[in-house]
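Below is one structure, written out as structure tokens, with a few remarks after it.
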Amino acid sequence: MLSAILSLSLLALGLGLLLGFAAIRFKVEGDPLVDKIDALLPQTQCGQCSYPGCRPYATAIANDEADINQCPPGGEATIHALADLLDRDPKPLNPENGEVKEKMLAVIDEQTCIGCTLCIQACPVDAILGAAKQMHTVIADECTGCELCLPPCPVDCIDMVVIGQDILTWKWPAPPEPSEETAS
Amino acid sequence: MSRRLWRFNGGVHPSQHKYESTRNAIGQALLPKQLTLPLHQHIGEPAEPLVQVGDHVLKGQQIARANGYVSAPIHAPSSGTIAAIGEYPIPHPSGLSADCIIIDTDGEDRWGERLAIADYKELSPSALRNLIREAGIVGLGGAGFPSYIKLNPGHDKVIKTLILNGVECEPYITCDDMLMRERPEQVIAGLNVARHALQAEQCIIAIENNKPEAWDAINAAAQDYDYIEVVRVPTLYPQGSEKQLVKVLTGKEVPSNGLSLQIGVVSINVGTSAAIYRAIFEGEPLLSRIITVSGSGVDTARNLETLIGTAMDELVRQCDGDPEQLGKLIMGGPMMGFAMHRTDLPVIKTTNCILSHHREQMPKQKPVLPCIRCGACMDACPVELLPQQLYWFTRSDELDKAQDHDLFDCIECGCCSYVCPSNIPLVQYYRYAKGEIWIREREREKAEQARKRFEFRQDRIERRKAEHGARRKQKQDGSKKRDDKRAEIQAAVERAQQRRDQAMQQAGQRQTERKQGDDKDNTLQ
């Protein structure tokens with residue numbers, strides 16, 4: 001009896017020490033969950049989720065402070081991906097955060113621009129190029145279409161244009177789903 | 001001599017409809033008033049225009065140059081004036097427009113300078129490849145891959161076998177068949193040049209056994225060359241696909257996601273071979289090609305030697321069809337071709353066939369029924385994929401699983417759709433899935449880029465804030481020191497004051513003491 005208790009206690013102690021050692025030795029830096037959530041977000045950095053960027057929103061989701069349906073640029077696809085990752089039920093996009101829009105690109109009307117640099121300061125991904133009292137322009141490849149440059153512009157010279165399809169970005173459409181009458 | 005032939009999995013036997021267009025000899029399409037030349041007629045980067053609107057160009061003059069390694073130049077198919085350079089509709093499944101050069105022909109068809117090579121064997125393989133590149137030759141079998149790259153295996157690779165693909169397995173299309181029948185010596189001469197460029201040991205010409213005339217003609221032309229073997233292969237769709245043909249002829253399989261180059265085999269189409277002949281022996285760049293015009297929309301189905309850039313409806317008219325009465329115009333064959341959105345699109349280097357259907361004789365669209373999991377598609381798949389699994393994965397948006405099931409090895413031959421008893425357009429699903437995967441990949445890359453830029457910007461702002469903070473602290477520290485000094489001075493002043501006060505007090509005391517002493521003395525006296 002005594003030997004059984006003793007051996008089990010020793011075993012428990014040994015394993016406990018091993019676990020404790022492993023917890024310190026193999027400690028994961030940072031929060032892997034936040035990274036995983038962040039990887040699913042569209043990285044528009046638009047702040048429509050009410051957090052100042054995608055990573056802060058990811059942190060908030062990981063800490064259970066924010067819901068998964070607050071990202072309009074990601075749309076339904078992102079909500080489903082987050083629901084899958086976090087094992088929650090997907091829900092429709094929260095209308096308070098905005099609505100799903102087509103992918104847009106900011107274009108500065110260079111005739112009207114006065115070179116005030118306010119949009120440069122607002123751009124979360126440094127996609128606007130220019131200097132004080134010099135014309136500004138948007139680097140199209142870097143623009144995420146977040147619209148954060150629109151409100152600060154004092155002369156309203158920035159337009160959001162829909163990114164059109166060209167031969168290189170075109171893809172075959174999905175075939176129509178078989179209709180109900182033929183399927184039944 | 002008979003060669004052992006292997007067999008690839010599956011394949012189908014669609015009705016051939018080759019007879020209609022082989023009754024007539026190859027005709028010459030009329031010189032059109034206007035030629036529309038898309039800058040992107042090949043796999044790779046679009047060509048870059050070398051001319052401006054208003055320039056006069058001669059036949060064979062290069063009007064757009066290759067832009068990068070995987071690209072091909074474009075030449076003026078006839079003499080005339082550049083009418084416009086800009087976006088015009090091109091033959092593409094999307095129906096979208098892309099950059100084109102439009103030439104108003106002057107009807108003279110006047111040649112520019114032509115440089116024929118007297119003896120190609122004196123040239124090095126790389127010089128030959130360069131000539132082929134400058135002639136704008138791309139794979140005429142359908143894919144449009146720049147030919148000079150195919151003929152450049154690299155220093156470390158030895159190409160044993162060069163396959164000349166005269167299989168032409170797709171129904172209706174007969175342009176290769178007619179080319180082999182009428183110009184076998186050109187095909188063989190082009191093959192010799194390609195062999196020299198590749199330094200290949202042996203050449204195999206593969207022709208399906210439904211083209212006996214072509215086989216006879218090629219056999220006669222190839223007699224003098226002991227390294228050329230003409231092989232008759234049984235008729236089976238899609239045998240003309242490179243990987244399938246390599247399997248049939250050599251028994252070797254091209255690795256997944258790989259090229260036949262990796263197993264020492266290169267294959268070119270007979271049309272490409274004839275184009276190489278013209279480029280080397282006649283000094284003519286790729287300006288025209290043979291196009292099959294067939295289907296119920298034309299009364300006289302035939303092959304036409306057509307200038308690149310000719311409008312498709314012109315060809316339909318020249319084959320006694322009415323473009324207004326067409327229900328559908330397909331570029332390519334019925335298995336792999338795709339419908340055009342309008343009839344006045346130009347033909348390009350890769351257009352091997354124009355298949356038109358009369359409005360009243362359109363093949364009926366059969367209703368799509370649910371998948372019954374019969375597995376017929378799997379038996380028919382020449383790449384040995386699992387079409388049904390790919391279909392389910394695509395429908396349920398599990399594209400990563402589709403990718404794991406080698407979606408990208410699918411050659412989109414259409415065998416699975418052809419045999420499907422439920423008429424499911426399976427290939428459409430795979431095309432959609434491939435495009436969707438590419439788009440998502442691109443979006444992911446873009447998001448990653450945006451994330452990096454955002455984080456960099458955050459870091460920069462933080463850093464600047466920290467620098468500002470440090471400077472302010474320094475300033476504060478500075479003022480603190482001054483305060484300390486002032487306090488010290490103050491303290492010193494106070495100390496001095498105190499000392500002075502003390503001294504004054506002591507002096508006062510001494511005085512009173514002295515006074516008291518005097519008083520004592522006075523009282524004593």
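Each chain in the structure tokens gets a letter, A, B and so on, in the order shown; residues start at 1 in every chain, and ligands are counted from 1 in the order they appear.
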> What residues in chain B have any atom no more than 10 Å from chain A when counting only C-alpha atoms, and can you write them as a ChimeraX atom specification?
Replying inline: /B:40,90,92-98,367-371,394-395,424-439,442-444,446-458
>> Using DSSP assignments from the backbone, pull out every residue in stretch 14-78 of chain A that falls under alpha helix (DSSP H) and give it to me as a VMD selection string.
In response: chain A and resid 14 to 25 32 to 40 54 to 62 75 to 78
> Out of chain A, which residues get strand (DSSP E) from DSSP, as an NGL selection string?
Replying inline: :A and (104-108 or 128-129 or 137-138 or 158-162)
>> Set the distance at 10 Å and use only C-alpha atoms: which residues neighbour B:Ala220 once local chain neighbours fewer than 3 positions away are removed? I'd like the list as a list in words.
In response: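 Returned residues: Pro184, Glu185, Ala214, Trp215, Asp216, Ala217, Gln223, Asp224 and Val230 of chain B.
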Write a file of the selected residues as a CSV table (one decimal), in the first residue's frame, keeping N, CA and C atoms.
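Saved the output as result_4.csv:
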chain,number,residue,atom,x,y,z
B,184,PRO,N,4.6,18.1,-97.0
B,184,PRO,CA,5.3,17.3,-96.1
B,184,PRO,C,6.8,17.7,-96.1
B,185,GLU,N,7.3,18.1,-97.2
B,185,GLU,CA,8.8,18.5,-97.2
B,185,GLU,C,9.1,19.7,-96.3
B,214,ALA,N,-1.9,11.6,-94.9
B,214,ALA,CA,-0.8,12.4,-94.3
B,214,ALA,C,0.3,11.4,-94.0
B,215,TRP,N,0.0,10.3,-93.5
B,215,TRP,CA,1.1,9.3,-93.1
B,215,TRP,C,1.9,8.9,-94.4
B,216,ASP,N,1.2,8.7,-95.5
B,216,ASP,CA,1.9,8.4,-96.7
B,216,ASP,C,2.9,9.5,-97.1
B,217,ALA,N,2.3,10.7,-97.1
B,217,ALA,CA,3.1,11.8,-97.6
B,217,ALA,C,4.3,12.1,-96.7
B,223,GLN,N,11.9,9.6,-95.9
B,223,GLN,CA,12.6,8.4,-96.2
B,223,GLN,C,14.1,8.5,-96.2
B,224,ASP,N,14.6,9.7,-96.6
B,224,ASP,CA,16.0,9.9,-96.7
B,224,ASP,C,16.7,10.1,-95.4
B,230,VAL,N,8.6,7.4,-88.5
B,230,VAL,CA,7.2,7.9,-88.6
B,230,VAL,C,6.3,6.8,-88.0
> Any idea what's packed within 10 Å of stretch 61-69 of chain A, counting only C-alpha atoms, ignoring anything in its chain fewer than 2 positions away? Could you give it as a PyMOL selection string?
Replying inline: chain A and resi 31-38+49-51+55-59+71-72+74-76+78-83+86+88-95+97
> Just how far from atom CA of B:Asn257 is atom CA of B:His42, in Å to one decimal?
Replying inline: 20.0 Å
> atom CA of B:Cys377 to atom CA of B:Leu5: how many Å, to one decimal?
Replying inline: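 Computing it gives 24.1 Å between the two atoms.
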> Restricting the calculation to only C-alpha atoms, which member of A:Gly14, A:Gly130, A:Gly145, A:Gly115 is positioned closest to A:Val161?
Replying inline: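 Answer, going by the shortest atom-to-atom distance: A:Gly145.
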>> Need the shell around B:Leu179: protein/DNA/RNA residues with any atom at most 12 Å away, counting only C-alpha atoms. Skip same-chain ones fewer than 2 positions apart. Format as a VMD selection string?
In response: chain B and resid 22 25 to 27 166 168 173 to 177 181 to 188 211 213 to 215 217 to 218 269 to 275 289 to 292 303 to 305 352
>> I need the residue nearest B:Pro363 from this list: B:Gly86, B:Lys18, B:Lys252, B:Lys328. Use only C-alpha atoms for the distance.
In response: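 Between B:Gly86, B:Lys18, B:Lys252, B:Lys328, the residue approaching B:Pro363 most closely is B:Lys328.
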>> Could you list, as an MDAnalysis selection string, every residue within 7 Å of A:Ile163, counting only C-alpha atoms and ignoring same-chain residues fewer than 3 positions away?
In response: chainID A and resid 103:105
>> Residues near B:Ile228, anyone? I mean within 7 Å using only C-alpha atoms, not counting same-chain ones fewer than 2 positions away, as a ChimeraX atom specification.
In response: /B:202-204,222,225-226,230
>> Just the number, please: distance in Å from atom CA of B:Ser356 to atom CA of B:Leu326, one decimal.
In response: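 Rounded to one decimal, the two atoms are 6.6 Å apart.
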